[in-house]
$ cat protein38.txt   # compact mmCIF, C-alpha atoms
# COMPACT_ATOMS: atom_id res chain seq x y z
CA MET V 16 -78.27 -177.71 159.59
CA THR V 17 -81.21 -180.05 159.54
CA ASP V 18 -81.64 -183.29 157.72
CA VAL V 19 -83.85 -182.82 154.69
CA SER V 20 -85.89 -185.84 153.74
CA ALA V 21 -85.90 -186.91 150.12
CA ASP V 22 -89.62 -186.33 149.47
CA LEU V 23 -89.21 -182.57 149.98
CA ILE V 24 -86.59 -182.31 147.26
CA VAL V 25 -87.94 -180.88 143.99
CA THR V 26 -84.96 -181.65 141.75
CA THR V 27 -81.69 -183.50 142.11
CA VAL V 28 -78.61 -182.34 140.24
CA ASP V 29 -76.13 -185.17 139.91
CA ALA V 30 -72.73 -183.58 139.31
CA ARG V 31 -70.70 -186.48 140.67
CA GLY V 32 -67.40 -186.76 138.84
CA GLN V 33 -67.45 -183.18 137.61
CA SER V 34 -64.77 -180.68 138.65
CA CYS V 35 -64.92 -176.93 139.27
CA PRO V 36 -66.96 -175.10 138.08
CA GLY V 37 -69.15 -177.97 136.76
CA PRO V 38 -71.28 -178.71 139.86
CA LEU V 39 -72.09 -175.04 140.52
CA VAL V 40 -72.94 -174.25 136.93
CA ALA V 41 -75.16 -177.34 136.75
CA LEU V 42 -76.93 -176.27 139.96
CA ALA V 43 -77.35 -172.67 138.78
CA ARG V 44 -78.92 -173.80 135.50
CA VAL V 45 -81.51 -175.97 137.24
CA LEU V 46 -82.17 -173.29 139.86
CA LYS V 47 -83.05 -170.78 137.14
CA ASP V 48 -86.22 -172.73 136.31
CA ALA V 49 -87.12 -173.52 139.94
CA GLU V 50 -89.70 -171.66 142.03
CA PRO V 51 -88.73 -169.60 145.11
CA GLY V 52 -88.78 -171.88 148.15
CA ASP V 53 -88.03 -175.01 146.11
CA LEU V 54 -85.49 -177.38 147.62
CA LEU V 55 -82.79 -178.62 145.27
CA GLU V 56 -80.30 -181.35 145.92
CA LEU V 57 -76.76 -181.32 144.54
CA LEU V 58 -74.65 -184.46 144.51
CA ALA V 59 -70.92 -183.95 143.95
CA THR V 60 -67.55 -185.59 144.41
CA ASP V 61 -65.43 -182.45 143.84
CA PRO V 62 -63.75 -181.66 147.21
CA GLY V 63 -63.68 -178.00 146.14
CA SER V 64 -67.47 -177.97 146.45
CA ARG V 65 -67.05 -177.98 150.27
CA SER V 66 -66.06 -174.31 150.11
CA ASP V 67 -67.62 -173.42 146.77
CA VAL V 68 -71.23 -174.31 147.49
CA PRO V 69 -71.40 -172.14 150.67
CA SER V 70 -69.64 -169.31 148.78
CA TRP V 71 -72.12 -169.62 145.93
CA ALA V 72 -75.00 -169.49 148.44
CA THR V 73 -73.58 -166.28 149.93
CA LEU V 74 -73.15 -164.74 146.48
CA THR V 75 -76.62 -165.64 145.23
CA GLY V 76 -78.57 -165.28 148.48
CA ASN V 77 -79.96 -168.82 148.22
CA GLU V 78 -80.03 -170.78 151.44
CA LEU V 79 -77.78 -173.76 152.02
CA VAL V 80 -80.03 -176.00 154.08
CA GLU V 81 -77.82 -179.04 154.30
CA ALA V 82 -74.24 -180.04 153.57
CA ARG V 83 -73.10 -183.61 154.21
CA GLU V 84 -70.17 -185.76 153.29
CA HIS V 85 -70.28 -189.50 153.13
CA GLN V 86 -67.41 -191.63 151.82
CA GLY V 87 -66.07 -188.95 149.47
CA GLU V 88 -69.50 -187.97 148.18
CA PHE V 89 -71.11 -184.68 149.00
CA ARG V 90 -74.79 -183.88 149.27
CA TYR V 91 -76.02 -180.32 149.43
CA VAL V 92 -79.58 -179.09 149.76
CA VAL V 93 -80.31 -175.55 148.67
CA ARG V 94 -83.50 -173.56 149.06
CA LYS V 95 -84.13 -171.11 146.24
CA ALA V 96 -84.53 -167.54 147.53
CA MET O 12 -80.20 -120.19 180.96
CA SER O 13 -82.63 -117.69 179.41
CA LEU O 14 -85.01 -118.55 176.60
CA THR O 15 -83.15 -116.51 173.94
CA GLU O 16 -79.86 -118.29 174.68
CA THR O 17 -81.49 -121.71 174.14
CA ASP O 18 -82.97 -120.51 170.83
CA ALA O 19 -79.58 -119.28 169.63
CA ASP O 20 -78.05 -122.61 170.63
CA THR O 21 -80.66 -124.58 168.69
CA THR O 22 -80.20 -122.38 165.61
CA LEU O 23 -76.44 -122.98 165.71
CA GLN O 24 -76.90 -126.72 166.06
CA LEU O 25 -79.34 -126.79 163.14
CA ALA O 26 -76.96 -124.80 160.94
CA ASP O 27 -74.17 -127.24 161.81
CA LEU O 28 -76.36 -130.25 160.98
CA LEU O 29 -77.45 -128.69 157.70
CA ALA O 30 -73.82 -128.10 156.70
CA ARG O 31 -72.99 -131.73 157.52
CA VAL O 32 -75.91 -133.06 155.49
CA GLN O 33 -74.90 -130.91 152.52
CA ALA O 34 -71.30 -132.17 152.74
CA LEU O 35 -72.58 -135.78 152.80
CA GLU O 36 -74.79 -135.15 149.77
CA VAL O 37 -71.85 -133.76 147.81
CA SER O 38 -69.57 -136.71 148.64
CA ASP O 39 -72.38 -139.19 147.91
CA ALA O 40 -72.97 -137.69 144.46
CA ALA O 41 -69.25 -138.11 143.68
CA GLN O 42 -69.26 -141.78 144.67
CA ILE O 43 -69.31 -144.54 142.11
CA GLN O 44 -72.08 -147.05 142.52
CA LYS O 45 -70.60 -150.49 141.99
CA LYS O 46 -72.66 -153.34 140.64
CA ASN O 47 -72.55 -157.00 141.57
CA LYS O 48 -70.47 -157.53 138.48
CA LEU O 49 -67.22 -159.12 137.28
CA THR O 50 -65.23 -157.67 134.41
CA ILE O 51 -62.21 -159.48 133.00
CA ILE O 52 -59.72 -158.00 130.57
CA ALA O 53 -58.72 -161.09 128.58
CA TRP O 54 -55.30 -159.97 127.38
CA GLY O 55 -53.75 -163.42 127.14
CA GLY O 56 -54.83 -166.00 124.59
CA ASP O 57 -52.71 -168.81 126.03
CA LEU O 58 -54.51 -171.91 127.25
CA ASP O 59 -53.34 -171.24 130.82
CA ARG O 60 -54.91 -167.79 130.70
CA ILE O 61 -58.06 -168.33 128.67
CA TRP O 62 -58.93 -171.30 130.88
CA PRO O 63 -59.10 -169.35 134.19
CA THR O 64 -60.75 -166.47 132.31
CA THR O 65 -63.61 -168.68 131.15
CA ILE O 66 -63.86 -170.53 134.49
CA LEU O 67 -64.24 -167.27 136.42
CA ALA O 68 -66.64 -165.68 133.94
CA SER O 69 -68.98 -168.69 133.85
CA THR O 70 -68.82 -169.14 137.64
CA ALA O 71 -69.63 -165.46 138.24
CA ALA O 72 -72.65 -165.74 135.95
CA ALA O 73 -73.71 -168.96 137.69
CA SER O 74 -73.41 -167.09 141.00
CA GLY O 75 -75.87 -164.44 139.92
CA MET O 76 -73.32 -161.77 138.99
CA ASP O 77 -73.29 -159.74 135.81
CA ALA O 78 -70.14 -160.62 133.91
CA SER O 79 -68.32 -159.23 130.92
CA VAL O 80 -65.04 -160.18 129.25
CA PHE O 81 -63.13 -157.66 127.15
CA PHE O 82 -60.82 -159.40 124.65
CA THR O 83 -57.71 -157.52 123.62
CA PHE O 84 -54.27 -158.34 122.12
CA TRP O 85 -53.53 -162.10 122.30
CA GLY O 86 -56.89 -162.70 123.94
CA LEU O 87 -58.55 -161.92 120.61
CA PHE O 88 -57.04 -165.02 119.00
CA ALA O 89 -58.96 -167.12 121.53
CA ILE O 90 -62.25 -165.91 120.02
CA VAL O 91 -61.30 -166.50 116.38
CA LYS O 92 -63.53 -169.12 114.74
CA PRO O 93 -61.92 -172.57 114.88
CA ASP O 94 -62.15 -173.01 111.09
CA VAL O 95 -60.49 -169.67 110.32
CA ARG O 96 -56.78 -170.29 109.76
CA ILE O 97 -54.97 -167.22 108.46
CA THR O 98 -56.24 -163.75 109.31
CA GLY O 99 -55.06 -160.22 108.50
CA GLU O 100 -54.21 -158.22 105.40
CA SER O 101 -50.47 -157.60 105.51
CA TRP O 102 -47.83 -160.36 105.60
CA MET O 103 -46.98 -159.35 109.17
CA GLN O 104 -50.59 -159.69 110.35
CA LYS O 105 -50.82 -163.02 108.55
CA MET O 106 -47.62 -164.20 110.22
CA MET O 107 -49.08 -163.19 113.61
CA SER O 108 -52.10 -165.38 112.96
CA VAL O 109 -49.87 -168.32 112.02
CA VAL O 110 -47.91 -168.17 115.29
CA ASN O 111 -51.12 -167.54 117.27
CA PRO O 112 -53.51 -170.19 115.96
CA GLY O 113 -57.07 -168.97 116.39
CA SER O 114 -59.79 -170.31 118.74
CA ALA O 115 -59.62 -171.50 122.35
CA GLN O 116 -59.40 -175.09 121.05
CA ARG O 117 -55.97 -174.41 119.54
CA ALA O 118 -54.60 -172.14 122.29
CA LYS O 119 -50.99 -172.80 123.26
CA LEU O 120 -49.57 -173.15 126.75
CA SER O 121 -47.45 -170.20 127.91
CA ARG O 122 -44.89 -172.71 129.16
CA TYR O 123 -44.22 -176.41 128.47
CA HIS O 124 -46.10 -176.15 125.20
CA LEU O 125 -43.70 -178.77 123.78
CA GLY O 126 -45.01 -178.53 120.24
CA GLY O 127 -48.59 -179.20 121.37
CA ALA O 128 -47.80 -182.07 123.75
CA GLY O 129 -48.36 -179.82 126.79
CA PRO O 130 -51.92 -178.77 125.91
CA ALA O 131 -52.77 -182.35 124.87
CA MET O 132 -51.61 -183.59 128.27
CA PHE O 133 -53.58 -180.89 130.09
CA LYS O 134 -56.72 -181.75 128.16
CA ARG O 135 -56.30 -185.42 128.96
CA PHE O 136 -56.12 -184.54 132.67
CA ALA O 137 -59.18 -182.36 132.20
CA ASP O 138 -61.10 -185.22 130.57
CA GLN O 139 -60.16 -187.55 133.41
CA ARG O 140 -61.41 -185.07 136.01
CA GLN O 141 -64.42 -183.86 133.97
CA VAL O 142 -63.17 -180.29 133.81
CA ALA O 143 -64.88 -178.35 131.03
CA LYS O 144 -62.52 -177.01 128.34
CA PRO O 145 -62.15 -173.28 127.62
CA GLU O 146 -64.21 -173.45 124.41
CA GLU O 147 -66.99 -175.26 126.29
CA LEU O 148 -66.82 -172.76 129.15
CA MET O 149 -66.94 -169.90 126.66
CA ALA O 150 -70.11 -171.27 125.06
CA LEU O 151 -71.53 -171.90 128.54
CA SER O 152 -70.64 -168.33 129.59
CA MET O 153 -72.56 -166.90 126.63
CA ASP O 154 -75.46 -169.18 127.49
CA LEU O 155 -75.44 -167.84 131.07
CA GLY O 156 -75.49 -164.25 129.82
CA VAL O 157 -71.80 -163.30 130.03
CA ARG O 158 -71.07 -160.51 127.56
CA LEU O 159 -67.99 -161.24 125.44
CA ILE O 160 -66.67 -158.02 123.94
CA PRO O 161 -63.82 -157.66 121.43
CA CYS O 162 -61.51 -154.62 121.46
CA GLN O 163 -61.90 -152.63 118.24
CA MET O 164 -58.42 -151.13 118.22
CA THR O 165 -56.52 -154.43 118.59
CA MET O 166 -58.83 -156.04 116.02
CA ASP O 167 -57.71 -153.36 113.55
CA LEU O 168 -54.08 -153.71 114.63
CA LEU O 169 -54.07 -157.47 114.04
CA GLY O 170 -56.26 -157.24 110.93
CA LEU O 171 -59.05 -159.27 112.50
CA LYS O 172 -62.49 -158.81 110.99
CA ARG O 173 -65.80 -159.30 112.76
CA GLU O 174 -66.48 -162.34 110.54
CA ASP O 175 -63.17 -163.94 111.66
CA LEU O 176 -64.52 -164.03 115.23
CA ILE O 177 -67.01 -166.46 116.75
CA ASP O 178 -70.73 -165.72 116.75
CA GLY O 179 -72.58 -164.34 119.76
CA LEU O 180 -70.08 -161.60 120.65
CA GLU O 181 -71.08 -158.07 121.58
CA GLU O 182 -70.20 -155.17 119.28
CA PRO O 183 -66.48 -154.23 119.46
CA ILE O 184 -65.70 -151.40 121.87
CA GLY O 185 -62.83 -149.08 122.78
CA ALA O 186 -60.79 -148.42 125.91
CA ALA O 187 -63.17 -145.85 127.40
CA THR O 188 -66.10 -148.26 127.27
CA ALA O 189 -63.87 -150.94 128.79
CA ILE O 190 -62.99 -148.52 131.61
CA LEU O 191 -66.69 -147.84 132.12
CA GLU O 192 -67.34 -151.60 132.35
CA MET O 193 -64.58 -151.90 134.97
CA ARG O 194 -65.55 -148.80 136.92
CA GLU O 195 -69.00 -150.13 137.70
CA ALA O 196 -67.84 -153.69 138.39
CA ALA O 197 -67.22 -154.76 141.98
CA VAL O 198 -64.52 -157.11 140.65
CA SER O 199 -62.18 -156.33 137.75
CA LEU O 200 -59.38 -158.63 136.61
CA PHE O 201 -56.64 -158.50 134.00
CA ILE O 202 -55.74 -162.01 132.84

$ encode --input "protein38.txt" --output "structure tokens"
Amino acid sequence: MTDVSADLIVTTVDARGQSCPGPLVALARVLKDAEPGDLLELLATDPGSRSDVPSWATLTGNELVEAREHQGEFRYVVRKA
Amino acid sequence: MSLTETDADTTLQLADLLARVQALEVSDAAQIQKKNKLTIIAWGGDLDRIWPTTILASTAAASGMDASVFFTFWGLFAIVKPDVRITGESWMQKMMSVVNPGSAQRAKLSRYHLGGAGPAMFKRFADQRQVAKPEELMALSMDLGVRLIPCQMTMDLLGLKREDLIDGLEEPIGAATAILEMREAAVSLFI
């Protein structure tokens, strides 16, 4: 996975503090209005997102470009299919 | 090998292939095409059932799946309007509605209900961890396109009328339509 610089991100979804299924639902709602190819950033603190975001990407066919963890915070970058 | 023997061989091979193709076509026609879809039979109206039901339905919809929830028996009480208290015609139906307070907001825990202390505790935990409550997840599910479908037969059995139930539901259906929903769904659950 490559490091995606902030200026390429179209929208950031801040779901920090939310538990399952909050972060995914928040991401899905924003993704609905995005254009194919758009990069979206998801910020979360839910440890379940570590497995859930890749699973969601598999289910929806959107690409998980980046997944990082830093001091209990997670950052995911997804490219809309 | 003479020319006629090769011809006969080819004809036999072709006939064999044709028979195989026909057999495949027959078995393919009999196969059920499953959709990328989740169907849940919401049988339980308890908080610890309606909560996972609404979590899974909303998550499936957020993951690009079709999703439908079929509410039957105690599950129906979870989709009664919050302001509707007593439902039913006969005293027995009315009594049922008293012991099964309507709406997801008032759902009881299947264990450790403790006169309402259990659900209150659970909801406090949920607030602390920003977990959406079943009634919120239900509204969210509808927003994401999940079809919430009441069971006609159990509605009649419990004396529940369409106007007793929350807005935004699909038309009530029967068991055969529920089976059809499940048959075409890649994932079917009974909760």

$ atom_distance --input "protein38.txt" --atom1 "CA of Ser34 (chain V)" --atom2 "CA of Asp67 (chain V)"
11.3 Å

$ interface_residues --input "protein38.txt" --of "chain O" --to "chain V" --cutoff "10 Å" --atoms "all atoms listed in the file" --output "PyMOL selection string"
chain O and resi 47+66-67+69-76+137-143+148+151-152+154-155

$ axis_aligned_box --input "protein38.txt" --around "region 136-142 of chain O" --padding-each-side "8 Å" --output "AutoDock Vina command-line options"
--center_x -60.3 --center_y -183.9 --center_z 133.3 --size_x 24.3 --size_y 23.3 --size_z 21.4

$ residues_around --input "protein38.txt" --residues "Ala78 (chain O)" --least-positions-apart "3" --cutoff "6 Å" --atoms "all atoms listed in the file" --output "ChimeraX atom specification"
/O:48-50,157

$ write_last_selection --input "protein38.txt" --atoms "C-alpha atoms" --output "PDB file, in the coordinates of the input"
ATOM      1  CA  LYS O  48     -70.470-157.530 138.480  1.00  0.00           C
ATOM      2  CA  LEU O  49     -67.220-159.120 137.280  1.00  0.00           C
ATOM      3  CA  THR O  50     -65.230-157.670 134.410  1.00  0.00           C
ATOM      4  CA  VAL O 157     -71.800-163.300 130.030  1.00  0.00           C
TER       5      VAL O 157
END

$ residues_around --input "protein38.txt" --residues "Ser121 (chain O)" --least-positions-apart "5" --cutoff "9 Å" --atoms "all atoms listed in the file" --output "ChimeraX atom specification"
/O:57-60

$ atom_distance --input "protein38.txt" --atom1 "CA of Glu78 (chain V)" --atom2 "CA of Arg94 (chain V)"
5.0 Å

$ atom_distance --input "protein38.txt" --atom1 "CA of Met153 (chain O)" --atom2 "CA of Met193 (chain O)"
18.9 Å

$ residues_around --input "protein38.txt" --residues "region 94-111 of chain O" --least-positions-apart "4" --cutoff "12 Å" --atoms "only C-alpha atoms" --output "VMD selection string"
chain O and resid 55 to 58 84 to 90 115 to 121 126 165 to 177

$ write_last_selection --input "protein38.txt" --atoms "C-alpha atoms" --output "tab-separated table (two decimals), keeping the file's coordinate frame"
chain	number	residue	atom	x	y	z
O	55	GLY	CA	-53.75	-163.42	127.14
O	56	GLY	CA	-54.83	-166.00	124.59
O	57	ASP	CA	-52.71	-168.81	126.03
O	58	LEU	CA	-54.51	-171.91	127.25
O	84	PHE	CA	-54.27	-158.34	122.12
O	85	TRP	CA	-53.53	-162.10	122.30
O	86	GLY	CA	-56.89	-162.70	123.94
O	87	LEU	CA	-58.55	-161.92	120.61
O	88	PHE	CA	-57.04	-165.02	119.00
O	89	ALA	CA	-58.96	-167.12	121.53
O	90	ILE	CA	-62.25	-165.91	120.02
O	115	ALA	CA	-59.62	-171.50	122.35
O	116	GLN	CA	-59.40	-175.09	121.05
O	117	ARG	CA	-55.97	-174.41	119.54
O	118	ALA	CA	-54.60	-172.14	122.29
O	119	LYS	CA	-50.99	-172.80	123.26
O	120	LEU	CA	-49.57	-173.15	126.75
O	121	SER	CA	-47.45	-170.20	127.91
O	126	GLY	CA	-45.01	-178.53	120.24
O	165	THR	CA	-56.52	-154.43	118.59
O	166	MET	CA	-58.83	-156.04	116.02
O	167	ASP	CA	-57.71	-153.36	113.55
O	168	LEU	CA	-54.08	-153.71	114.63
O	169	LEU	CA	-54.07	-157.47	114.04
O	170	GLY	CA	-56.26	-157.24	110.93
O	171	LEU	CA	-59.05	-159.27	112.50
O	172	LYS	CA	-62.49	-158.81	110.99
O	173	ARG	CA	-65.80	-159.30	112.76
O	174	GLU	CA	-66.48	-162.34	110.54
O	175	ASP	CA	-63.17	-163.94	111.66
O	176	LEU	CA	-64.52	-164.03	115.23
O	177	ILE	CA	-67.01	-166.46	116.75

$ closest_residue --input "protein38.txt" --among "V:Pro38, V:Asp29, V:Glu50, V:Ser64" --to "Glu84 (chain V)" --atoms "only C-alpha atoms"
V:Ser64

$ residues_around --input "protein38.txt" --residues "Phe82 (chain O)" --least-positions-apart "3" --cutoff "8 Å" --atoms "all atoms listed in the file" --output "JSON, numbers by chain"
{"O": [52, 53, 54, 86, 87, 159, 160, 161, 162]}

$ closest_residue --input "protein38.txt" --among "O:Trp62, O:Asp77, O:Arg31, O:Ala150" --to "Lys45 (chain O)" --atoms "only C-alpha atoms"
O:Asp77

$ closest_residue --input "protein38.txt" --among "V:Gly63, V:Leu79, V:Gly52, V:Tyr91" --to "Thr27 (chain V)" --atoms "only C-alpha atoms"
V:Tyr91

$ closest_residue --input "protein38.txt" --among "O:Thr15, O:Ala131, O:Gly156, O:Ile184" --to "Ala68 (chain O)" --atoms "all atoms listed in the file"
O:Gly156

$ closest_residue --input "protein38.txt" --among "V:His85, V:Leu55, V:Val93, V:Ala49" --to "Pro69 (chain V)" --atoms "only C-alpha atoms"
V:Val93

$ decode --input "protein38.txt" --residues "chain V" --atoms "C-alpha atoms" --output "short mmCIF file (atom, residue, chain, number, x, y, z; two decimals), in the first residue's frame"
data_model
loop_
_atom_site.label_atom_id
_atom_site.label_comp_id
_atom_site.auth_asym_id
_atom_site.auth_seq_id
_atom_site.Cartn_x
_atom_site.Cartn_y
_atom_site.Cartn_z
CA MET V 16 0.00 0.00 0.00
CA THR V 17 1.26 3.43 -0.90
CA ASP V 18 1.14 6.60 1.08
CA VAL V 19 -1.58 8.87 -0.24
CA SER V 20 -0.89 12.55 0.16
CA ALA V 21 -3.62 14.73 1.61
CA ASP V 22 -4.15 16.91 -1.49
CA LEU V 23 -5.44 13.93 -3.49
CA ILE V 24 -8.19 13.21 -0.98
CA VAL V 25 -11.62 14.39 -2.12
CA THR V 26 -13.51 13.95 1.15
CA THR V 27 -12.62 13.01 4.69
CA VAL V 28 -15.06 11.06 6.84
CA ASP V 29 -14.28 11.55 10.49
CA ALA V 30 -15.80 8.60 12.34
CA ARG V 31 -13.45 8.75 15.32
CA GLY V 32 -15.22 7.62 18.46
CA GLN V 33 -17.93 5.72 16.61
CA SER V 34 -18.35 1.96 16.99
CA CYS V 35 -19.49 -0.72 14.53
CA PRO V 36 -21.20 -0.20 12.15
CA GLY V 37 -20.90 3.62 12.42
CA PRO V 38 -17.64 4.20 10.50
CA LEU V 39 -18.64 1.98 7.57
CA VAL V 40 -22.12 3.41 7.26
CA ALA V 41 -20.70 6.95 7.38
CA LEU V 42 -18.19 6.05 4.65
CA ALA V 43 -20.83 4.36 2.48
CA ARG V 44 -23.11 7.41 2.66
CA VAL V 45 -20.37 9.78 1.53
CA LEU V 46 -19.20 7.34 -1.15
CA LYS V 47 -22.67 7.30 -2.69
CA ASP V 48 -22.27 10.91 -3.83
CA ALA V 49 -18.62 10.55 -4.89
CA GLU V 50 -17.39 10.07 -8.46
CA PRO V 51 -15.67 6.85 -9.60
CA GLY V 52 -11.93 7.20 -9.00
CA ASP V 53 -12.39 9.65 -6.12
CA LEU V 54 -10.18 9.06 -3.09
CA LEU V 55 -11.93 9.15 0.26
CA GLU V 56 -10.32 9.18 3.65
CA LEU V 57 -11.85 7.50 6.70
CA LEU V 58 -10.63 8.31 10.19
CA ALA V 59 -11.67 5.88 12.92
CA THR V 60 -10.79 4.69 16.40
CA ASP V 61 -12.89 1.48 16.34
CA PRO V 62 -10.39 -1.44 16.43
CA GLY V 63 -13.00 -3.51 14.57
CA SER V 64 -12.43 -1.30 11.53
CA ARG V 65 -9.07 -3.08 11.00
CA SER V 66 -10.94 -6.10 9.66
CA ASP V 67 -14.19 -4.39 8.68
CA VAL V 68 -12.86 -1.83 6.22
CA PRO V 69 -11.00 -4.46 4.10
CA SER V 70 -14.10 -6.71 4.25
CA TRP V 71 -16.28 -3.81 3.14
CA ALA V 72 -13.88 -3.10 0.25
CA THR V 73 -14.13 -6.74 -0.85
CA LEU V 74 -17.92 -6.67 -0.64
CA THR V 75 -18.35 -3.41 -2.53
CA GLY V 76 -15.45 -3.72 -5.00
CA ASN V 77 -13.98 -0.38 -3.95
CA GLU V 78 -10.22 -0.30 -3.58
CA LEU V 79 -8.54 0.07 -0.21
CA VAL V 80 -5.51 2.15 -1.12
CA GLU V 81 -4.13 2.73 2.32
CA ALA V 82 -4.61 1.46 5.87
CA ARG V 83 -2.53 2.90 8.70
CA GLU V 84 -2.61 2.88 12.45
CA HIS V 85 -1.05 5.54 14.59
CA GLN V 86 -1.50 5.70 18.36
CA GLY V 87 -4.90 4.01 18.37
CA GLU V 88 -6.21 5.99 15.42
CA PHE V 89 -6.83 4.46 12.05
CA ARG V 90 -6.65 6.10 8.66
CA TYR V 91 -8.02 4.42 5.59
CA VAL V 92 -8.00 5.68 2.02
CA VAL V 93 -10.51 4.18 -0.37
CA ARG V 94 -10.79 4.68 -4.11
CA LYS V 95 -14.36 4.55 -5.40
CA ALA V 96 -14.79 1.89 -8.10
#
